[in-house]
Every structure is written in structure tokens, then in C-alpha cells.
Amino acid sequence: QRKRAEDHMSLLVLAYPVLSSTDYQWIQAIRATHDPQYYKIIAPHFTLVFPVETLAQERFVAHIKQQTRCVHSFRFVLRCAVLNKDAFTADTQVFLAPDEGYSPFVKLHDRLYLGPLATALRLDLPFIPHMGVARAGDPHACKCIAETVNAQDCAIEGRVNTLDMVWYDGTRVETVGQVHLGEWRGGVGTAGGNLQQDRVRSGNASRVRSCVSCGHYCLSEQC
């Protein structure tokens, strides 16, 4: 029975962002009402690699660690809710999409889908960085939810400091590996504001150096 469960596990890469306690609770209140199934399974997150079943866990984890050696943490701000038609079900979804931080999400997503994950990339489904907060079979219901959210003129600031490699079997999500993104000091990309971190998941790097090979700030001795 355990073997059958493992055969149906998918591997993903998620970013659980650092959010203020107030924003985290606000997002969770929406999810609890309008996305109760996934609210019970997983915390607010961004998906960078979608379900993969064709790669062994060890190789998957090694690839993600390799591809993120020179990637620095980044800030984002969510300012609007948008609708999306789920590609796998009949549901419509409501996403919180980033204004600031959109580019780092896209570039990181593209970087992770190189090499052994290249064949897993769905080119027919454009990547939209997002945090899912609601879903329903009725698209008009989702439109009402999105309009209600957008009427509040929200600005949810957060940071992506870590990436979690997880497996998902349809009912549970479990982290099988984690990478701490490099700390960016000064210049473009510096975190703005003070976040009340209800869950701090950042690596306190004792030394950050500029990477000769890629120009980013890197924690790896091997890059």
C-alpha cells in the first residue's frame, strides 16, 4: 500500500514567503473560506516547479540545489487579484499576483526548468507567478471574490528567502529538501520595510560574496 502511494507522489518546488502576521492571517482567512481543500493541506506559497513524476527525488533535489547556488533572495509586493482557468480541472481560480518582484519569479522559474526538467515544462501554459487564494466551479463567483479583494487596494509585501522541494500525494505535502537563497546587500533588490515575521525562514549567511561566474551574490564555495 505504501509503495502504491509513493508511485503517485509528485515533486514540486515551492516558495513559502516571509509575510507580516497581519497579511498572513488576511490571506489565510480568504483561503479558509474560498479554498478550504488546499487551506488544510498547505500554507500560502508560490509554485516555481509544478508536479513532476518523471525524475527521482535525489536527482530532483540535486538539480534544484545546483540551479539555485547563485540565486539571491528577493522582495515582492502583491497588489491585485486575477482570475485563472485551472488547466487540470473545471475550476476557476483567484490568484494574488505580484507587481514588484514579477521578474525574479519568472527568471527563477525558467532557471529551474533547465536540464533534466526541460521536458517537464508546459509551453502551452504560460507561467504566471501567483499565490492561490480561492477556487470555484463558477467563474462568476471567483470574479466576485477578485473584485472584493481588489476593492480593498491591498499591498502585501513579502520576501522569498528559501525554496522548499516537496512531495505531494494528493492529501499531504512534505518537504524533502530546502535551499536558502543568498542575501542581497545594497542596491536594487534590497528588502524594503520591516516585516513582522511570523515564520522566519531565512539563512543568516556569515559571508556573502559576489560570484565571479554569474555576477549574483552567492553563498556557494563551488560556484
# chains A, B, ... in the order shown; residues from 1 in each chain; ligands from 1
$ select_by_dssp --residues "stretch 26-220 of chain A" --states "strand (DSSP E or B)" --output "ChimeraX atom specification"
/A:46-52,72,74-85,92-98,131-136,156-160,162-168,173-180,182,197,209-210,217-218
$ residues_around --residues "stretch 110-116 of chain A" --least-positions-apart "4" --cutoff "7 Å" --atoms "only C-alpha atoms" --output "ChimeraX atom specification"
/A:64,67,106,121
$ write_last_selection --atoms "C-alpha atoms" --output "PDB file, in the first residue's frame"
ATOM      1  CA  ILE A  64      17.337  22.405  -7.691  1.00  0.00           C
ATOM      2  CA  GLN A  67      20.402  25.747 -10.124  1.00  0.00           C
ATOM      3  CA  VAL A 106       9.835  34.367 -13.861  1.00  0.00           C
ATOM      4  CA  LEU A 121       7.967  22.417 -18.893  1.00  0.00           C
TER       5      LEU A 121
END
$ residues_around --residues "stretch 92-99 of chain A" --least-positions-apart "2" --cutoff "7 Å" --atoms "only C-alpha atoms" --output "PDB file with N, CA and C atoms, in the first residue's frame"
ATOM      1  N   PHE A  76       8.896  41.093  -2.964  1.00  0.00           N
ATOM      2  CA  PHE A  76       7.747  41.200  -3.868  1.00  0.00           C
ATOM      3  C   PHE A  76       6.642  41.984  -3.177  1.00  0.00           C
ATOM      4  N   VAL A  77       5.720  42.502  -3.973  1.00  0.00           N
ATOM      5  CA  VAL A  77       4.523  43.155  -3.448  1.00  0.00           C
ATOM      6  C   VAL A  77       3.326  42.669  -4.261  1.00  0.00           C
ATOM      7  N   LEU A  78       2.320  42.150  -3.567  1.00  0.00           N
ATOM      8  CA  LEU A  78       1.073  41.707  -4.193  1.00  0.00           C
ATOM      9  C   LEU A  78       0.067  42.847  -4.107  1.00  0.00           C
ATOM     10  N   ARG A  79      -0.438  43.283  -5.252  1.00  0.00           N
ATOM     11  CA  ARG A  79      -1.352  44.425  -5.265  1.00  0.00           C
ATOM     12  C   ARG A  79      -2.701  44.115  -5.909  1.00  0.00           C
ATOM     13  N   CYS A  80      -2.844  42.952  -6.538  1.00  0.00           N
ATOM     14  CA  CYS A  80      -4.109  42.699  -7.218  1.00  0.00           C
ATOM     15  C   CYS A  80      -4.429  41.211  -7.274  1.00  0.00           C
ATOM     16  N   ALA A  81      -5.718  40.935  -7.429  1.00  0.00           N
ATOM     17  CA  ALA A  81      -6.210  39.569  -7.613  1.00  0.00           C
ATOM     18  C   ALA A  81      -6.624  39.404  -9.066  1.00  0.00           C
ATOM     19  N   VAL A  82      -6.284  38.260  -9.651  1.00  0.00           N
ATOM     20  CA  VAL A  82      -6.626  37.989 -11.048  1.00  0.00           C
ATOM     21  C   VAL A  82      -7.257  36.602 -11.151  1.00  0.00           C
ATOM     22  N   LEU A  83      -8.033  36.401 -12.209  1.00  0.00           N
ATOM     23  CA  LEU A  83      -8.670  35.103 -12.441  1.00  0.00           C
ATOM     24  C   LEU A  83      -7.784  34.222 -13.314  1.00  0.00           C
ATOM     25  N   ASN A  84      -7.904  32.921 -13.109  1.00  0.00           N
ATOM     26  CA  ASN A  84      -7.186  31.954 -13.930  1.00  0.00           C
ATOM     27  C   ASN A  84      -8.029  30.697 -14.078  1.00  0.00           C
ATOM     28  N   LYS A  85      -8.104  30.180 -15.296  1.00  0.00           N
ATOM     29  CA  LYS A  85      -8.797  28.917 -15.533  1.00  0.00           C
ATOM     30  C   LYS A  85      -7.838  27.770 -15.246  1.00  0.00           C
ATOM     31  N   ASP A  86      -8.187  26.925 -14.296  1.00  0.00           N
ATOM     32  CA  ASP A  86      -7.351  25.783 -13.947  1.00  0.00           C
ATOM     33  C   ASP A  86      -7.201  24.862 -15.161  1.00  0.00           C
ATOM     34  N   ALA A  90     -12.145  21.726 -13.845  1.00  0.00           N
ATOM     35  CA  ALA A  90     -13.129  22.668 -14.385  1.00  0.00           C
ATOM     36  C   ALA A  90     -13.192  23.955 -13.569  1.00  0.00           C
ATOM     37  N   GLY A 101       8.543  42.395  -8.077  1.00  0.00           N
ATOM     38  CA  GLY A 101       9.010  41.027  -7.883  1.00  0.00           C
ATOM     39  C   GLY A 101       8.582  40.068  -8.973  1.00  0.00           C
ATOM     40  N   TYR A 102       7.840  40.525  -9.945  1.00  0.00           N
ATOM     41  CA  TYR A 102       7.377  39.634 -11.015  1.00  0.00           C
ATOM     42  C   TYR A 102       8.554  39.025 -11.777  1.00  0.00           C
ATOM     43  N   PRO A 129       3.393  34.066 -12.067  1.00  0.00           N
ATOM     44  CA  PRO A 129       3.714  34.000 -10.637  1.00  0.00           C
ATOM     45  C   PRO A 129       2.470  34.340  -9.822  1.00  0.00           C
ATOM     46  N   HIS A 130       2.176  33.522  -8.829  1.00  0.00           N
ATOM     47  CA  HIS A 130       0.925  33.763  -8.103  1.00  0.00           C
ATOM     48  C   HIS A 130       0.896  33.046  -6.764  1.00  0.00           C
ATOM     49  N   MET A 131       0.021  33.545  -5.926  1.00  0.00           N
ATOM     50  CA  MET A 131      -0.357  32.869  -4.684  1.00  0.00           C
ATOM     51  C   MET A 131      -1.855  32.596  -4.786  1.00  0.00           C
ATOM     52  N   GLY A 132      -2.228  31.333  -4.842  1.00  0.00           N
ATOM     53  CA  GLY A 132      -3.636  30.982  -4.972  1.00  0.00           C
ATOM     54  C   GLY A 132      -4.396  31.196  -3.675  1.00  0.00           C
ATOM     55  N   VAL A 133      -5.573  31.841  -3.772  1.00  0.00           N
ATOM     56  CA  VAL A 133      -6.353  32.107  -2.558  1.00  0.00           C
ATOM     57  C   VAL A 133      -7.792  31.620  -2.650  1.00  0.00           C
ATOM     58  N   ALA A 134      -8.260  31.277  -3.852  1.00  0.00           N
ATOM     59  CA  ALA A 134      -9.656  30.849  -3.985  1.00  0.00           C
ATOM     60  C   ALA A 134      -9.828  30.034  -5.252  1.00  0.00           C
ATOM     61  N   ARG A 135     -10.849  29.174  -5.240  1.00  0.00           N
ATOM     62  CA  ARG A 135     -11.220  28.423  -6.441  1.00  0.00           C
ATOM     63  C   ARG A 135     -12.687  28.061  -6.347  1.00  0.00           C
ATOM     64  N   ALA A 136     -13.328  27.927  -7.506  1.00  0.00           N
ATOM     65  CA  ALA A 136     -14.744  27.561  -7.545  1.00  0.00           C
ATOM     66  C   ALA A 136     -15.088  27.062  -8.936  1.00  0.00           C
ATOM     67  N   GLY A 137     -16.138  26.272  -9.012  1.00  0.00           N
ATOM     68  CA  GLY A 137     -16.607  25.804 -10.304  1.00  0.00           C
ATOM     69  C   GLY A 137     -17.285  26.898 -11.100  1.00  0.00           C
ATOM     70  N   ASP A 138     -17.799  27.895 -10.402  1.00  0.00           N
ATOM     71  CA  ASP A 138     -18.497  29.011 -11.037  1.00  0.00           C
ATOM     72  C   ASP A 138     -17.533  30.181 -11.220  1.00  0.00           C
ATOM     73  N   PRO A 139     -17.157  30.527 -12.445  1.00  0.00           N
ATOM     74  CA  PRO A 139     -16.226  31.633 -12.655  1.00  0.00           C
ATOM     75  C   PRO A 139     -16.763  32.971 -12.174  1.00  0.00           C
ATOM     76  N   CYS A 142     -15.829  33.459  -8.613  1.00  0.00           N
ATOM     77  CA  CYS A 142     -14.430  33.863  -8.481  1.00  0.00           C
ATOM     78  C   CYS A 142     -14.235  35.323  -8.880  1.00  0.00           C
ATOM     79  N   ALA A 146     -12.479  38.180  -6.579  1.00  0.00           N
ATOM     80  CA  ALA A 146     -11.376  39.017  -7.050  1.00  0.00           C
ATOM     81  C   ALA A 146     -11.726  40.498  -6.957  1.00  0.00           C
TER      82      ALA A 146
END
$ residues_around --residues "stretch 168-179 of chain A" --least-positions-apart "2" --cutoff "8 Å" --atoms "only C-alpha atoms" --output "compact mmCIF listing (two decimals) with N, CA and C atoms, in the first residue's frame"
# COMPACT_ATOMS: atom_id res chain seq x y z
N ALA A 5 1.24 4.35 -2.88
CA ALA A 5 1.18 5.78 -2.57
C ALA A 5 2.40 6.50 -3.12
N GLU A 6 3.59 5.88 -2.97
CA GLU A 6 4.81 6.51 -3.46
C GLU A 6 4.79 6.63 -4.98
N HIS A 8 2.44 7.45 -6.79
CA HIS A 8 1.59 8.56 -7.20
C HIS A 8 2.04 9.89 -6.59
N MET A 9 3.25 9.94 -6.05
CA MET A 9 3.74 11.18 -5.49
C MET A 9 4.34 12.05 -6.59
N SER A 10 4.12 13.35 -6.47
CA SER A 10 4.70 14.32 -7.38
C SER A 10 5.70 15.17 -6.62
N LEU A 11 6.71 15.66 -7.31
CA LEU A 11 7.71 16.55 -6.73
C LEU A 11 7.48 17.96 -7.25
N LEU A 12 7.59 18.93 -6.36
CA LEU A 12 7.39 20.34 -6.71
C LEU A 12 8.44 21.19 -6.02
N ILE A 41 -4.16 21.72 3.60
CA ILE A 41 -3.01 20.91 3.20
C ILE A 41 -1.71 21.70 3.22
N ILE A 42 -1.78 22.97 2.82
CA ILE A 42 -0.54 23.70 2.56
C ILE A 42 -0.69 25.17 2.91
N VAL A 61 16.22 16.92 -6.22
CA VAL A 61 16.77 17.79 -5.17
C VAL A 61 18.14 18.32 -5.57
N LYS A 65 19.18 22.35 -6.12
CA LYS A 65 20.28 22.94 -5.35
C LYS A 65 21.35 23.51 -6.28
N THR A 68 20.20 26.84 -7.96
CA THR A 68 19.94 28.00 -7.07
C THR A 68 21.18 28.44 -6.31
N THR A 162 13.74 31.35 0.92
CA THR A 162 14.03 29.92 0.80
C THR A 162 13.13 29.28 -0.25
N LEU A 163 13.57 28.17 -0.75
CA LEU A 163 12.76 27.32 -1.62
C LEU A 163 12.67 25.94 -1.00
N ASP A 164 11.48 25.37 -1.01
CA ASP A 164 11.27 24.02 -0.49
C ASP A 164 11.00 23.06 -1.63
N MET A 165 11.73 21.98 -1.64
CA MET A 165 11.45 20.87 -2.55
C MET A 165 10.53 19.92 -1.79
N VAL A 166 9.37 19.64 -2.34
CA VAL A 166 8.36 18.88 -1.60
C VAL A 166 7.82 17.74 -2.45
N LEU A 181 18.30 31.02 -0.18
CA LEU A 181 18.79 31.90 -1.23
C LEU A 181 19.77 32.91 -0.65
$ select_by_dssp --residues "stretch 7-201 of chain A" --states "helix (DSSP H, G or I)" --output "MDAnalysis selection string"
chainID A and resid 7 21:34 36:39 57:67 102:112 115:120 139:151
$ decode --residues "stretch 48-136 of chain A" --atoms "C-alpha atoms" --output "short mmCIF file (atom, residue, chain, number, x, y, z; two decimals), in the first residue's frame"
data_model
loop_
_atom_site.label_atom_id
_atom_site.label_comp_id
_atom_site.auth_asym_id
_atom_site.auth_seq_id
_atom_site.Cartn_x
_atom_site.Cartn_y
_atom_site.Cartn_z
CA LEU A 48 8.09 27.51 -9.04
CA VAL A 49 8.17 23.93 -10.33
CA PHE A 50 4.85 22.21 -10.91
CA PRO A 51 4.20 18.49 -10.25
CA VAL A 52 6.94 16.28 -11.68
CA GLU A 53 6.70 12.49 -11.67
CA THR A 54 9.45 11.57 -14.13
CA LEU A 55 12.53 12.36 -12.02
CA ALA A 56 13.90 10.51 -9.00
CA GLN A 57 13.74 12.50 -5.76
CA GLU A 58 17.51 12.53 -5.25
CA ARG A 59 18.18 13.84 -8.74
CA PHE A 60 15.38 16.39 -8.44
CA VAL A 61 16.77 17.79 -5.17
CA ALA A 62 20.33 17.86 -6.51
CA HIS A 63 19.23 19.73 -9.64
CA ILE A 64 17.34 22.41 -7.69
CA LYS A 65 20.28 22.94 -5.35
CA GLN A 66 22.64 23.26 -8.31
CA GLN A 67 20.40 25.75 -10.12
CA THR A 68 19.94 28.00 -7.07
CA ARG A 69 23.56 28.26 -5.92
CA CYS A 70 23.87 31.81 -7.23
CA VAL A 71 20.28 32.99 -6.80
CA HIS A 72 19.66 35.74 -4.26
CA SER A 73 16.55 36.33 -2.18
CA PHE A 74 14.09 38.91 -3.43
CA ARG A 75 11.25 41.15 -2.38
CA PHE A 76 7.75 41.20 -3.87
CA VAL A 77 4.52 43.15 -3.45
CA LEU A 78 1.07 41.71 -4.19
CA ARG A 79 -1.35 44.42 -5.27
CA CYS A 80 -4.11 42.70 -7.22
CA ALA A 81 -6.21 39.57 -7.61
CA VAL A 82 -6.63 37.99 -11.05
CA LEU A 83 -8.67 35.10 -12.44
CA ASN A 84 -7.19 31.95 -13.93
CA LYS A 85 -8.80 28.92 -15.53
CA ASP A 86 -7.35 25.78 -13.95
CA ALA A 87 -5.69 23.69 -16.66
CA PHE A 88 -6.38 20.41 -14.87
CA THR A 89 -9.93 20.81 -13.52
CA ALA A 90 -13.13 22.67 -14.39
CA ASP A 91 -12.44 25.21 -11.64
CA THR A 92 -11.63 28.88 -11.96
CA GLN A 93 -9.01 30.20 -9.55
CA VAL A 94 -8.25 33.52 -7.90
CA PHE A 95 -4.57 34.44 -7.76
CA LEU A 96 -2.76 37.19 -5.91
CA ALA A 97 -0.18 38.31 -8.47
CA PRO A 98 2.97 40.34 -7.80
CA ASP A 99 3.59 43.76 -9.26
CA GLU A 100 7.04 44.26 -7.76
CA GLY A 101 9.01 41.03 -7.88
CA TYR A 102 7.38 39.63 -11.02
CA SER A 103 10.64 39.41 -12.93
CA PRO A 104 12.62 37.46 -10.27
CA PHE A 105 9.84 34.86 -10.08
CA VAL A 106 9.84 34.37 -13.86
CA LYS A 107 13.62 34.18 -14.14
CA LEU A 108 13.87 31.73 -11.25
CA HIS A 109 11.12 29.55 -12.74
CA ASP A 110 12.92 29.47 -16.10
CA ARG A 111 16.25 28.66 -14.43
CA LEU A 112 14.79 25.70 -12.55
CA TYR A 113 13.28 24.23 -15.71
CA LEU A 114 16.65 23.78 -17.40
CA GLY A 115 18.49 20.47 -17.74
CA PRO A 116 16.60 17.40 -16.52
CA LEU A 117 13.38 19.38 -16.02
CA ALA A 118 13.33 20.86 -19.53
CA THR A 119 10.98 18.19 -20.85
CA ALA A 120 8.57 18.78 -17.94
CA LEU A 121 7.97 22.42 -18.89
CA ARG A 122 4.46 23.01 -20.25
CA LEU A 123 4.97 25.53 -23.04
CA ASP A 124 1.23 25.59 -23.67
CA LEU A 125 0.65 27.02 -20.18
CA PRO A 126 2.26 30.43 -19.63
CA PHE A 127 3.81 30.87 -16.19
CA ILE A 128 2.03 33.43 -14.01
CA PRO A 129 3.71 34.00 -10.64
CA HIS A 130 0.92 33.76 -8.10
CA MET A 131 -0.36 32.87 -4.68
CA GLY A 132 -3.64 30.98 -4.97
CA VAL A 133 -6.35 32.11 -2.56
CA ALA A 134 -9.66 30.85 -3.98
CA ARG A 135 -11.22 28.42 -6.44
CA ALA A 136 -14.74 27.56 -7.55
#
